[in-house]
file start.csv (CSV, C-alpha atoms)
chain,number,residue,atom,x,y,z
A,1,MET,CA,120.5,-54.7,149.1
A,2,ASN,CA,121.6,-53.6,145.7
A,3,ILE,CA,119.9,-54.3,142.5
A,4,ARG,CA,122.3,-56.9,141.3
A,5,GLU,CA,121.9,-59.0,144.4
A,6,VAL,CA,118.1,-58.9,144.1
A,7,ARG,CA,118.3,-60.0,140.5
A,8,LYS,CA,120.5,-62.9,141.4
A,9,LYS,CA,118.0,-63.9,144.1
A,10,ILE,CA,115.1,-63.8,141.7
A,11,LYS,CA,117.0,-66.0,139.3
A,12,SER,CA,117.8,-68.6,141.9
A,13,SER,CA,114.2,-68.6,143.2
A,14,THR,CA,113.0,-69.2,139.7
A,15,ASN,CA,115.3,-72.2,139.5
A,16,VAL,CA,114.1,-73.6,142.8
A,17,LYS,CA,110.6,-73.1,141.6
A,18,LYS,CA,111.3,-75.1,138.4
A,19,ILE,CA,112.7,-78.0,140.4
A,20,THR,CA,109.9,-78.1,142.9
A,21,LYS,CA,107.4,-77.9,140.1
A,22,ALA,CA,109.0,-80.9,138.4
A,23,LEU,CA,109.2,-82.9,141.6
A,24,GLU,CA,105.5,-82.1,142.2
A,25,MET,CA,104.5,-83.4,138.8
A,26,VAL,CA,106.6,-86.6,139.2
A,27,SER,CA,105.1,-87.2,142.6
A,28,ALA,CA,101.6,-86.6,141.2
A,29,ILE,CA,102.0,-89.3,138.7
A,30,LYS,CA,103.5,-91.7,141.2
A,31,MET,CA,100.8,-90.9,143.6
A,32,ARG,CA,98.0,-91.7,141.1
A,33,LYS,CA,99.7,-95.0,140.4
A,34,ALA,CA,100.1,-95.9,144.1
A,35,GLN,CA,96.6,-94.8,144.9
A,36,SER,CA,95.0,-97.0,142.3
A,37,GLU,CA,97.2,-99.9,143.4
A,38,ALA,CA,96.1,-99.3,147.0
A,39,ILE,CA,92.5,-99.4,145.9
A,40,GLU,CA,92.9,-102.5,143.7
A,41,ALA,CA,94.8,-104.3,146.4
A,42,ARG,CA,91.9,-103.7,148.9
A,43,VAL,CA,89.6,-106.2,147.1
A,44,TYR,CA,91.9,-109.1,147.9
A,45,GLN,CA,92.4,-107.9,151.5
A,46,THR,CA,88.6,-107.5,152.2
A,47,ASN,CA,87.8,-110.9,150.6
A,48,LEU,CA,90.5,-112.7,152.6
A,49,GLU,CA,89.3,-111.0,155.8
A,50,GLU,CA,85.7,-112.1,155.0
A,51,ILE,CA,86.8,-115.7,154.6
A,52,ILE,CA,88.8,-115.6,157.8
A,53,LYS,CA,85.9,-114.3,159.7
A,54,LYS,CA,83.7,-117.0,158.3
A,55,VAL,CA,86.1,-119.9,158.9
A,56,ALA,CA,88.0,-118.8,161.9
A,57,ALA,CA,85.0,-117.6,163.8
A,58,LYS,CA,84.2,-121.1,164.8
A,59,ALA,CA,87.8,-122.4,165.0
A,60,ASP,CA,89.5,-123.1,168.2
A,61,PRO,CA,92.2,-120.5,169.0
A,62,LYS,CA,94.4,-123.4,170.0
A,63,LEU,CA,94.3,-124.6,166.4
A,64,SER,CA,96.9,-122.1,165.3
A,65,LEU,CA,100.0,-120.6,166.9
A,66,LEU,CA,99.2,-117.3,165.3
A,67,LEU,CA,95.9,-116.7,167.0
A,68,GLN,CA,97.2,-116.1,170.5
A,69,THR,CA,100.1,-114.9,172.5
A,70,GLN,CA,102.2,-117.8,173.7
A,71,LYS,CA,102.5,-117.9,177.4
A,72,ASP,CA,106.1,-118.8,177.6
A,73,ALA,CA,107.2,-116.2,174.9
A,74,ILE,CA,109.6,-113.5,175.9
A,75,ASP,CA,107.9,-110.3,176.6
A,76,ARG,CA,109.3,-108.3,173.8
A,77,THR,CA,107.8,-106.5,170.8
A,78,LEU,CA,108.9,-106.6,167.2
A,79,SER,CA,108.1,-103.4,165.4
A,80,ILE,CA,108.1,-102.8,161.7
A,81,VAL,CA,108.6,-99.2,160.8
A,82,ILE,CA,107.7,-98.1,157.3
A,83,SER,CA,109.3,-94.8,156.3
A,84,THR,CA,110.7,-93.4,153.1
A,85,ASN,CA,114.0,-93.6,151.3
A,86,LYS,CA,114.0,-90.0,150.2
A,87,GLY,CA,113.3,-86.8,152.0
A,88,LEU,CA,111.4,-83.8,150.7
A,89,CYS,CA,108.0,-85.1,151.8
A,90,GLY,CA,107.0,-82.5,154.3
A,91,SER,CA,106.2,-83.7,157.8
A,92,TYR,CA,105.5,-87.3,156.7
A,93,ASN,CA,108.4,-88.9,158.4
A,94,PHE,CA,108.4,-86.6,161.4
A,95,ASN,CA,104.8,-87.3,162.3
A,96,LEU,CA,105.7,-91.0,162.3
A,97,TYR,CA,108.7,-90.5,164.5
A,98,ARG,CA,106.8,-88.5,167.0
A,99,PHE,CA,104.1,-91.2,167.1
A,100,ILE,CA,106.7,-93.9,167.6
A,101,ILE,CA,108.4,-92.1,170.5
A,102,LYS,CA,105.0,-91.5,172.1
A,103,ASN,CA,103.6,-95.0,171.6
A,104,SER,CA,106.3,-97.6,171.6
A,105,GLN,CA,108.6,-98.8,174.3
A,106,VAL,CA,111.9,-98.5,172.5
A,107,LYS,CA,113.9,-100.3,175.1
A,108,ASN,CA,111.7,-103.4,174.9
A,109,SER,CA,111.5,-103.7,171.1
A,110,ASP,CA,113.4,-104.9,168.2
A,111,PHE,CA,112.9,-103.0,164.9
A,112,ILE,CA,112.6,-104.0,161.3
A,113,VAL,CA,112.9,-100.8,159.2
A,114,ILE,CA,111.8,-100.2,155.7
A,115,GLY,CA,113.2,-97.0,154.3
A,116,LYS,CA,116.5,-95.2,154.9
A,117,LYS,CA,115.0,-92.4,157.0
A,118,GLY,CA,113.4,-94.7,159.5
A,119,GLY,CA,116.7,-96.6,160.0
A,120,LEU,CA,118.6,-93.4,160.8
A,121,PHE,CA,115.8,-92.4,163.2
A,122,ILE,CA,115.7,-95.7,165.1
A,123,ASN,CA,119.4,-95.7,165.4
A,124,SER,CA,119.4,-92.2,166.8
A,125,ILE,CA,116.9,-93.0,169.5
A,126,GLY,CA,118.9,-96.1,170.5
A,127,GLY,CA,116.5,-98.8,169.1
A,128,GLN,CA,117.8,-102.2,168.2
A,129,VAL,CA,117.5,-102.7,164.4
A,130,ILE,CA,117.6,-106.3,163.4
A,131,ALA,CA,116.9,-105.8,159.7
A,132,ASP,CA,116.9,-102.9,157.3
A,133,PHE,CA,115.0,-103.1,154.0
A,134,ALA,CA,115.9,-99.9,152.3
A,135,ASP,CA,115.2,-100.8,148.8
A,136,ASN,CA,113.7,-98.9,145.9
A,137,GLN,CA,111.1,-101.5,145.4
A,138,PRO,CA,109.9,-102.2,148.9
A,139,LEU,CA,107.1,-104.5,147.7
A,140,ALA,CA,109.7,-107.1,146.5
A,141,ASN,CA,110.7,-107.6,150.1
A,142,VAL,CA,107.4,-108.5,151.6
A,143,SER,CA,107.9,-112.2,151.7
A,144,ALA,CA,111.4,-111.8,153.3
A,145,ILE,CA,110.0,-109.5,155.9
A,146,PHE,CA,107.1,-111.9,156.5
A,147,GLN,CA,109.5,-114.9,157.0
A,148,LEU,CA,111.4,-112.9,159.6
A,149,VAL,CA,108.3,-111.9,161.4
A,150,ILE,CA,106.8,-115.4,161.5
A,151,ASP,CA,110.1,-117.0,162.6
A,152,GLY,CA,110.5,-114.5,165.4
A,153,PHE,CA,106.9,-115.1,166.6
A,154,THR,CA,106.7,-118.8,166.3
A,155,LYS,CA,110.1,-119.3,167.9
A,156,LYS,CA,108.8,-117.3,170.9
A,157,LYS,CA,111.3,-114.5,170.6
A,158,TYR,CA,108.5,-111.9,170.5
A,159,ASN,CA,105.0,-111.9,171.9
A,160,LYS,CA,103.7,-109.2,169.7
A,161,VAL,CA,104.4,-107.8,166.3
A,162,ASN,CA,103.4,-104.2,165.4
A,163,VAL,CA,103.6,-102.2,162.2
A,164,TYR,CA,104.1,-98.5,162.4
A,165,TYR,CA,103.2,-96.6,159.3
A,166,ASN,CA,101.4,-93.6,157.9
A,167,LYS,CA,97.9,-94.7,156.8
A,168,PHE,CA,96.8,-93.1,153.6
A,169,ILE,CA,93.4,-91.4,154.2
A,170,SER,CA,93.2,-88.9,151.4
A,171,THR,CA,95.6,-87.0,149.3
A,172,LEU,CA,95.7,-84.3,151.9
A,173,LYS,CA,95.8,-86.5,154.9
A,174,ASN,CA,97.7,-89.4,156.3
A,175,GLU,CA,97.8,-90.5,159.9
A,176,PRO,CA,100.5,-92.4,161.7
A,177,ILE,CA,99.1,-95.5,163.2
A,178,ALA,CA,100.3,-98.7,164.9
A,179,GLU,CA,98.7,-102.0,163.9
A,180,THR,CA,99.2,-105.3,165.6
A,181,ILE,CA,99.6,-108.0,163.0
A,182,LEU,CA,100.5,-110.8,165.4
A,183,PRO,CA,98.8,-112.4,167.2
A,184,VAL,CA,96.1,-112.2,164.6
A,185,THR,CA,93.0,-110.4,165.8
A,186,TYR,CA,90.0,-109.4,163.8
A,187,LYS,CA,87.0,-107.4,164.5
A,188,GLN,CA,84.0,-109.5,165.1
A,189,GLU,CA,80.5,-108.3,165.3
A,190,GLU,CA,78.4,-110.8,167.3
A,191,SER,CA,75.3,-110.4,165.2
A,192,PHE,CA,77.3,-111.0,162.1
A,193,ILE,CA,78.5,-114.3,163.3
A,194,LYS,CA,75.1,-115.6,164.4
A,195,GLU,CA,73.4,-114.7,161.2
A,196,LYS,CA,75.8,-115.3,158.5
A,197,ILE,CA,77.9,-118.2,159.6
A,198,GLU,CA,76.7,-121.3,157.8
A,199,GLU,CA,78.2,-124.7,157.8
A,200,PHE,CA,81.2,-124.9,155.7
A,201,LEU,CA,83.0,-127.9,154.4
A,202,ILE,CA,86.7,-127.4,155.0
A,203,GLU,CA,89.2,-129.2,152.8
A,204,PRO,CA,91.7,-130.7,153.3
A,205,ASP,CA,92.0,-130.2,157.1
A,206,PRO,CA,91.0,-127.3,159.2
A,207,ARG,CA,94.3,-127.2,161.0
A,208,VAL,CA,96.4,-127.0,157.8
A,209,LEU,CA,94.0,-124.6,156.2
A,210,ILE,CA,93.8,-122.2,159.1
A,211,ASN,CA,97.5,-122.0,159.4
A,212,GLN,CA,97.9,-121.3,155.7
A,213,LEU,CA,95.1,-118.8,155.8
A,214,LEU,CA,96.5,-116.9,158.7
A,215,ASN,CA,99.9,-116.9,157.2
A,216,SER,CA,98.8,-115.4,154.0
A,217,TYR,CA,96.6,-113.0,156.0
A,218,VAL,CA,99.6,-111.7,157.8
A,219,GLU,CA,101.7,-111.4,154.7
A,220,GLU,CA,98.9,-109.6,152.9
A,221,LYS,CA,98.6,-107.3,155.9
A,222,ILE,CA,102.2,-106.3,155.6
A,223,ARG,CA,101.9,-105.7,151.9
A,224,ASP,CA,98.7,-103.7,152.5
A,225,CYS,CA,100.5,-101.5,155.1
A,226,LEU,CA,103.3,-101.0,152.6
A,227,ILE,CA,101.1,-100.0,149.7
A,228,GLN,CA,99.2,-97.6,151.9
A,229,ALA,CA,102.4,-96.1,153.2
A,230,ILE,CA,103.7,-95.6,149.6
A,231,ALA,CA,100.5,-93.9,148.5
A,232,GLY,CA,100.8,-91.7,151.5
A,233,GLU,CA,104.5,-90.9,150.8
A,234,HIS,CA,103.8,-89.7,147.3
A,235,SER,CA,100.8,-87.7,148.1
A,236,SER,CA,102.6,-86.1,151.0
A,237,ARG,CA,105.6,-85.3,148.8
A,238,MET,CA,103.3,-83.8,146.2
A,239,ILE,CA,101.6,-81.5,148.7
A,240,ALA,CA,105.0,-80.5,150.1
A,241,MET,CA,106.3,-79.7,146.7
A,242,LYS,CA,103.2,-77.8,145.8
A,243,ASN,CA,103.6,-75.6,148.8
A,244,ALA,CA,107.2,-75.1,148.0
A,245,THR,CA,106.3,-74.0,144.5
A,246,GLU,CA,103.7,-71.6,145.9
A,247,ASN,CA,106.2,-70.2,148.3
A,248,ALA,CA,108.8,-69.7,145.6
A,249,ASN,CA,106.1,-67.8,143.7
A,250,ASP,CA,105.6,-65.5,146.7
A,251,VAL,CA,109.3,-65.0,147.1
A,252,ILE,CA,109.7,-64.1,143.4
A,253,TYR,CA,106.8,-61.7,143.6
A,254,ASN,CA,108.1,-59.9,146.6
A,255,LEU,CA,111.6,-59.8,145.2
A,256,THR,CA,110.4,-58.4,141.9
A,257,LEU,CA,108.6,-55.6,143.8
A,258,LEU,CA,111.8,-54.9,145.6
A,259,ARG,CA,113.8,-54.9,142.4
A,260,ASN,CA,111.4,-52.4,140.8
A,261,LYS,CA,111.5,-50.2,143.8
A,262,ILE,CA,115.3,-50.1,143.9
A,263,ARG,CA,115.4,-49.4,140.2
A,264,GLN,CA,112.9,-46.6,140.5
A,265,GLU,CA,114.9,-45.2,143.4
A,266,LYS,CA,118.0,-45.2,141.3
A,267,ILE,CA,116.3,-43.4,138.5
A,268,THR,CA,114.9,-40.8,140.9
A,269,TYR,CA,118.3,-40.2,142.4
A,270,GLU,CA,119.8,-39.7,138.9
A,271,LEU,CA,117.1,-37.3,138.0
A,272,LEU,CA,117.6,-35.4,141.2
A,273,ASP,CA,121.3,-35.2,140.5
A,274,MET,CA,120.7,-33.8,137.1
A,275,MET,CA,118.2,-31.3,138.4
A,276,THR,CA,120.5,-30.1,141.1
A,277,ALA,CA,123.4,-29.9,138.6
A,278,LYS,CA,121.2,-28.0,136.2
A,279,GLU,CA,120.0,-25.6,138.8
A,280,SER,CA,123.4,-24.9,140.2
A,281,VAL,CA,124.7,-24.2,136.8
A,282,GLU,CA,121.8,-21.8,136.0
A,283,SER,CA,122.0,-19.9,139.2
B,1,MET,CA,74.9,-119.4,136.7
B,2,LEU,CA,77.7,-119.1,139.1
B,3,LYS,CA,79.3,-115.7,139.9
B,4,LEU,CA,83.0,-116.3,139.5
B,5,LYS,CA,85.6,-113.9,141.0
B,6,ILE,CA,89.3,-114.4,140.6
B,7,ILE,CA,91.3,-112.1,142.8
B,8,THR,CA,95.0,-111.7,143.2
B,9,PRO,CA,96.8,-109.3,145.6
B,10,ARG,CA,97.4,-106.9,142.7
B,11,LYS,CA,93.9,-106.7,141.3
B,12,LEU,CA,90.6,-108.3,140.5
B,13,VAL,CA,91.5,-110.5,137.5
B,14,LYS,CA,88.1,-111.7,136.5
B,15,GLU,CA,84.5,-111.3,137.5
B,16,ILE,CA,82.0,-113.1,135.2
B,17,ASP,CA,79.0,-115.4,135.3
B,18,VAL,CA,80.0,-119.0,134.4
B,19,GLU,CA,78.4,-122.4,134.1
B,20,SER,CA,81.1,-124.3,135.9
B,21,VAL,CA,84.7,-123.9,137.1
B,22,THR,CA,87.3,-126.6,137.6
B,23,VAL,CA,90.1,-126.0,140.0
B,24,PRO,CA,93.1,-127.9,141.4
B,25,THR,CA,92.7,-128.3,145.2
B,26,ALA,CA,95.1,-129.7,147.7
B,27,SER,CA,93.1,-133.0,147.7
B,28,GLY,CA,92.5,-133.3,144.0
B,29,GLU,CA,90.8,-131.6,141.1
B,30,ILE,CA,87.2,-130.5,141.6
B,31,THR,CA,84.5,-129.0,139.5
B,32,ILE,CA,82.0,-126.6,141.0
B,33,LEU,CA,78.6,-126.2,139.5
B,34,GLN,CA,75.6,-124.2,140.7
B,35,ARG,CA,74.2,-125.1,144.1
B,36,HIS,CA,77.4,-126.7,145.2
B,37,ALA,CA,77.6,-127.2,149.0
B,38,ASN,CA,79.3,-124.5,151.0
B,39,LEU,CA,83.0,-125.3,150.6
B,40,PHE,CA,86.2,-123.7,151.7
B,41,SER,CA,89.3,-125.2,150.2
B,42,LEU,CA,93.0,-124.8,149.6
B,43,LEU,CA,94.1,-124.4,146.0
B,44,ILE,CA,97.5,-125.5,144.7
B,45,GLU,CA,99.3,-124.4,141.6
B,46,GLY,CA,97.7,-125.5,138.4
B,47,ILE,CA,95.2,-124.7,135.8
B,48,VAL,CA,91.6,-123.5,136.2
B,49,LYS,CA,89.1,-124.3,133.6
B,50,ILE,CA,86.3,-121.8,133.3
B,51,LYS,CA,83.2,-122.9,131.3
B,52,GLU,CA,80.9,-120.2,130.0
B,53,ASP,CA,78.0,-121.2,127.8
B,54,LYS,CA,79.9,-122.7,124.9
B,55,LYS,CA,83.2,-121.1,125.6
B,56,GLU,CA,86.0,-122.6,127.6
B,57,GLU,CA,88.8,-120.7,129.0
B,58,PHE,CA,91.9,-121.7,130.9
B,59,MET,CA,94.0,-119.8,133.4
B,60,ALA,CA,97.1,-120.7,135.3
B,61,ILE,CA,97.0,-119.9,139.0
B,62,GLY,CA,99.4,-119.9,141.9
B,63,GLY,CA,98.4,-121.3,145.3
B,64,GLY,CA,95.5,-119.8,147.2
B,65,TYR,CA,92.0,-120.3,148.5
B,66,LEU,CA,88.6,-121.1,147.1
B,67,GLN,CA,85.3,-120.3,148.7
B,68,THR,CA,81.8,-121.1,147.4
B,69,ASP,CA,78.3,-120.9,148.7
B,70,GLY,CA,76.6,-122.5,145.6
B,71,ARG,CA,75.8,-119.1,144.1
B,72,GLY,CA,79.2,-117.6,143.8
B,73,VAL,CA,82.8,-118.8,143.7
B,74,THR,CA,85.6,-116.6,145.1
B,75,ILE,CA,89.1,-117.6,144.2
B,76,LEU,CA,91.9,-115.9,146.0
B,77,VAL,CA,95.3,-116.7,144.5
B,78,SER,CA,98.8,-115.4,144.5
B,79,LYS,CA,98.7,-115.0,140.7
B,80,ALA,CA,96.5,-115.7,137.8
B,81,TYR,CA,97.1,-115.3,134.1
B,82,GLY,CA,95.5,-116.4,130.9
B,83,GLN,CA,96.9,-118.0,127.8
B,84,ASN,CA,97.6,-114.7,126.1
B,85,ASP,CA,99.8,-113.5,128.9
B,86,ILE,CA,102.6,-116.0,128.4
B,87,ASN,CA,104.9,-117.0,125.6
B,88,GLU,CA,106.5,-120.4,124.8
B,89,GLY,CA,110.1,-119.2,124.3
B,90,GLN,CA,110.3,-117.8,127.8
B,91,ILE,CA,108.8,-120.9,129.4
B,92,ASN,CA,111.2,-123.2,127.7
B,93,LYS,CA,114.1,-121.0,128.7
B,94,ALA,CA,112.9,-121.0,132.3
B,95,TYR,CA,112.5,-124.8,132.2
B,96,ASP,CA,116.0,-125.3,130.9
B,97,GLU,CA,117.5,-123.0,133.4
B,98,ALA,CA,115.7,-124.7,136.3
B,99,LYS,CA,116.9,-128.0,135.0
B,100,LYS,CA,120.5,-126.7,134.9
B,101,ILE,CA,120.3,-125.3,138.4
B,102,ILE,CA,118.9,-128.6,139.8
B,103,LYS,CA,121.8,-130.5,138.3
B,104,THR,CA,124.6,-128.2,139.4
B,105,THR,CA,123.6,-126.7,142.7
B,106,LYS,CA,124.2,-128.3,146.1
B,107,ASP,CA,122.3,-125.6,148.0
B,108,GLN,CA,119.0,-127.0,149.2
B,109,ALA,CA,117.2,-123.6,149.2
B,110,GLN,CA,118.3,-122.9,145.6
B,111,LYS,CA,117.3,-126.3,144.6
B,112,ASN,CA,113.8,-125.9,146.0
B,113,GLU,CA,113.4,-122.7,144.2
B,114,ALA,CA,114.5,-124.3,140.9
B,115,VAL,CA,112.0,-127.1,141.4
B,116,ALA,CA,109.2,-124.6,142.0
B,117,MET,CA,110.3,-122.8,138.8
B,118,MET,CA,110.2,-126.0,136.9
B,119,ARG,CA,106.8,-126.8,138.2
B,120,ARG,CA,105.6,-123.4,137.0
B,121,ALA,CA,107.1,-123.9,133.6
B,122,ILE,CA,105.4,-127.3,133.2
B,123,ILE,CA,102.0,-125.8,134.2
B,124,ASP,CA,102.5,-123.0,131.7
B,125,THR,CA,103.3,-125.5,128.9
B,126,LYS,CA,100.2,-127.4,129.8
B,127,LEU,CA,98.2,-124.2,129.6
B,128,LEU,CA,99.6,-123.4,126.2
B,129,LYS,CA,98.8,-126.9,124.9
B,130,LYS,CA,95.2,-126.4,126.0
B,131,ARG,CA,94.8,-123.6,123.5
B,132,ARG,CA,95.7,-125.8,120.6
B,133,HIS,CA,93.1,-128.3,121.5
B,134,ASN,CA,90.4,-125.8,122.1
B,135,PRO,CA,90.7,-122.9,119.9
B,136,LEU,CA,88.4,-120.2,121.2

call {"tool": "encode", "arguments": {"input": "start.csv", "output": "structure tokens"}}
result
Amino acid sequence: MNIREVRKKIKSSTNVKKITKALEMVSAIKMRKAQSEAIEARVYQTNLEEIIKKVAAKADPKLSLLLQTQKDAIDRTLSIVISTNKGLCGSYNFNLYRFIIKNSQVKNSDFIVIGKKGGLFINSIGGQVIADFADNQPLANVSAIFQLVIDGFTKKKYNKVNVYYNKFISTLKNEPIAETILPVTYKQEESFIKEKIEEFLIEPDPRVLINQLLNSYVEEKIRDCLIQAIAGEHSSRMIAMKNATENANDVIYNLTLLRNKIRQEKITYELLDMMTAKESVES
Amino acid sequence: MLKLKIITPRKLVKEIDVESVTVPTASGEITILQRHANLFSLLIEGIVKIKEDKKEEFMAIGGGYLQTDGRGVTILVSKAYGQNDINEGQINKAYDEAKKIIKTTKDQAQKNEAVAMMRRAIIDTKLLKKRRHNPL
């Protein structure tokens, strides 16, 4: 490699570094916003869940269609896949893909995809995409997605609805998981029910109320998954960009060493030339 | 004192101790005082009146749920905002627009949306009027 090439490479690496650094900072801001949103949204979710536990614990599962799988429903799963619109977020999407291949029966599912990358992936494995919500503001689509899901389930087109997404655990970690949102299931601790359930007046009518409650529970669940996935996306992108910046630094460091070495070599050769010339003249 | 919590999917809007709270439920307006019986109810769009000591405060809410055990009241709603968060010009504009849509459109879905929009606008105007009667 000659010195000019090395200089060119250093320059381009510096540019790359600038870009990744900028992307890192942008993602860091977005991440902070998404994380605080995720935390604030959790209050609603936990409260709703608490109410459902209290009210639905005593309710008859026959009261609502959403509480159980219908016997005559077609044995088919509806899967919602939450991925990203943009790349450059490390292994975020690929982890999810691997998880989906491992855990879902592609042939026996229909897919709703959120995010461009997921749509491409599902197409490539031959999955049936029935709806594609690749929007820059995914949260605006929650109610539309919810309608689609509820319709499919109540009209007995599907007997199960899953969401596949990357759960945000910490800035450094997200984990692909599958959550079943329909039929509605919730964790129940036996002791909790016996101790804490008191008599509740339910107005106007348990049947109406439970249906409403479960509906909004499912909708909130979808929204919650989405918020978590967004927080995960930004933090994962930030980490990826941080690593890229560090790598660029390394590359620049090594190239600079190389450049200096080549320069020194050149000088030494020139000196040597002069010496030999001088010596040959003198002798 | 009652512990009141108003929560929307976006955030915890309010968490204060109050004397009483009046809410619009599916079967009529109710006021909850301390030691109210355990109640779980469906809320409809409307105005919530919050009474603290001598102060009265009004907030508009979207549909949602209410749960109380006589010591605390938890209100879970799709949205909640106070009098300072809205402005009259915008509401009137929304109202007129909704009216226009209802008159012109034949599409049922669009019509329903416009009616919902109109209802919101009416609630918002009511909320604004409250302030004039009860300056805080």

call {"tool": "closest_residue", "arguments": {"input": "start.csv", "among": "B:Glu29, B:Glu57, B:Glu45, B:Glu97", "to": "Gln83 in chain B", "atoms": "all atoms listed in the file"}}
result
B:Glu57

call {"tool": "atom_distance", "arguments": {"input": "start.csv", "atom1": "CA of Gly87 in chain A", "atom2": "CA of Ile112 in chain A"}}
result
19.6 Å

call {"tool": "interface_residues", "arguments": {"input": "start.csv", "of": "chain B", "to": "chain A", "cutoff": "8 Å", "atoms": "only C-alpha atoms", "output": "ChimeraX atom specification"}}
result
/B:7-12,26-27,37-42,67,76

call {"tool": "residues_around", "arguments": {"input": "start.csv", "residues": "Gln35 in chain A", "least_positions_apart": "5", "cutoff": "10 Å", "atoms": "all atoms listed in the file", "output": "JSON, numbers by chain"}}
result
{"A": [29, 30, 40, 41, 168, 170, 171, 227, 228, 230, 231, 232, 234, 235]}

call {"tool": "residues_around", "arguments": {"input": "start.csv", "residues": "Lys17 in chain A", "least_positions_apart": "2", "cutoff": "9 Å", "atoms": "only C-alpha atoms", "output": "list of chain:residue names"}}
result
A:Ser12, A:Ser13, A:Thr14, A:Asn15, A:Ile19, A:Thr20, A:Lys21, A:Ala22, A:Ala244, A:Thr245, A:Glu246, A:Asn247, A:Ala248, A:Asn249

call {"tool": "write_last_selection", "arguments": {"input": "start.csv", "atoms": "C-alpha atoms", "output": "PDB file, keeping the file's coordinate frame"}}
result
ATOM      1  CA  SER A  12     117.800 -68.600 141.900  1.00  0.00           C
ATOM      2  CA  SER A  13     114.200 -68.600 143.200  1.00  0.00           C
ATOM      3  CA  THR A  14     113.000 -69.200 139.700  1.00  0.00           C
ATOM      4  CA  ASN A  15     115.300 -72.200 139.500  1.00  0.00           C
ATOM      5  CA  ILE A  19     112.700 -78.000 140.400  1.00  0.00           C
ATOM      6  CA  THR A  20     109.900 -78.100 142.900  1.00  0.00           C
ATOM      7  CA  LYS A  21     107.400 -77.900 140.100  1.00  0.00           C
ATOM      8  CA  ALA A  22     109.000 -80.900 138.400  1.00  0.00           C
ATOM      9  CA  ALA A 244     107.200 -75.100 148.000  1.00  0.00           C
ATOM     10  CA  THR A 245     106.300 -74.000 144.500  1.00  0.00           C
ATOM     11  CA  GLU A 246     103.700 -71.600 145.900  1.00  0.00           C
ATOM     12  CA  ASN A 247     106.200 -70.200 148.300  1.00  0.00           C
ATOM     13  CA  ALA A 248     108.800 -69.700 145.600  1.00  0.00           C
ATOM     14  CA  ASN A 249     106.100 -67.800 143.700  1.00  0.00           C
TER      15      ASN A 249
END

call {"tool": "atom_distance", "arguments": {"input": "start.csv", "atom1": "CA of Ser109 in chain A", "atom2": "CA of Leu78 in chain A"}}
result
5.5 Å

call {"tool": "closest_residue", "arguments": {"input": "start.csv", "among": "B:Arg71, B:His36, B:Lys54, B:Lys111", "to": "Leu4 in chain B", "atoms": "only C-alpha atoms"}}
result
B:Arg71

call {"tool": "atom_distance", "arguments": {"input": "start.csv", "atom1": "CA of Thr256 in chain A", "atom2": "CA of Lys11 in chain A"}}
result
10.4 Å

call {"tool": "closest_residue", "arguments": {"input": "start.csv", "among": "B:Ala94, B:Met59, B:Leu43, B:Met117", "to": "Gly28 in chain B", "atoms": "all atoms listed in the file"}}
result
B:Leu43

call {"tool": "closest_residue", "arguments": {"input": "start.csv", "among": "B:Gly63, B:Lys130, B:Ala98, B:Ile16", "to": "Asn112 in chain B", "atoms": "all atoms listed in the file"}}
result
B:Ala98
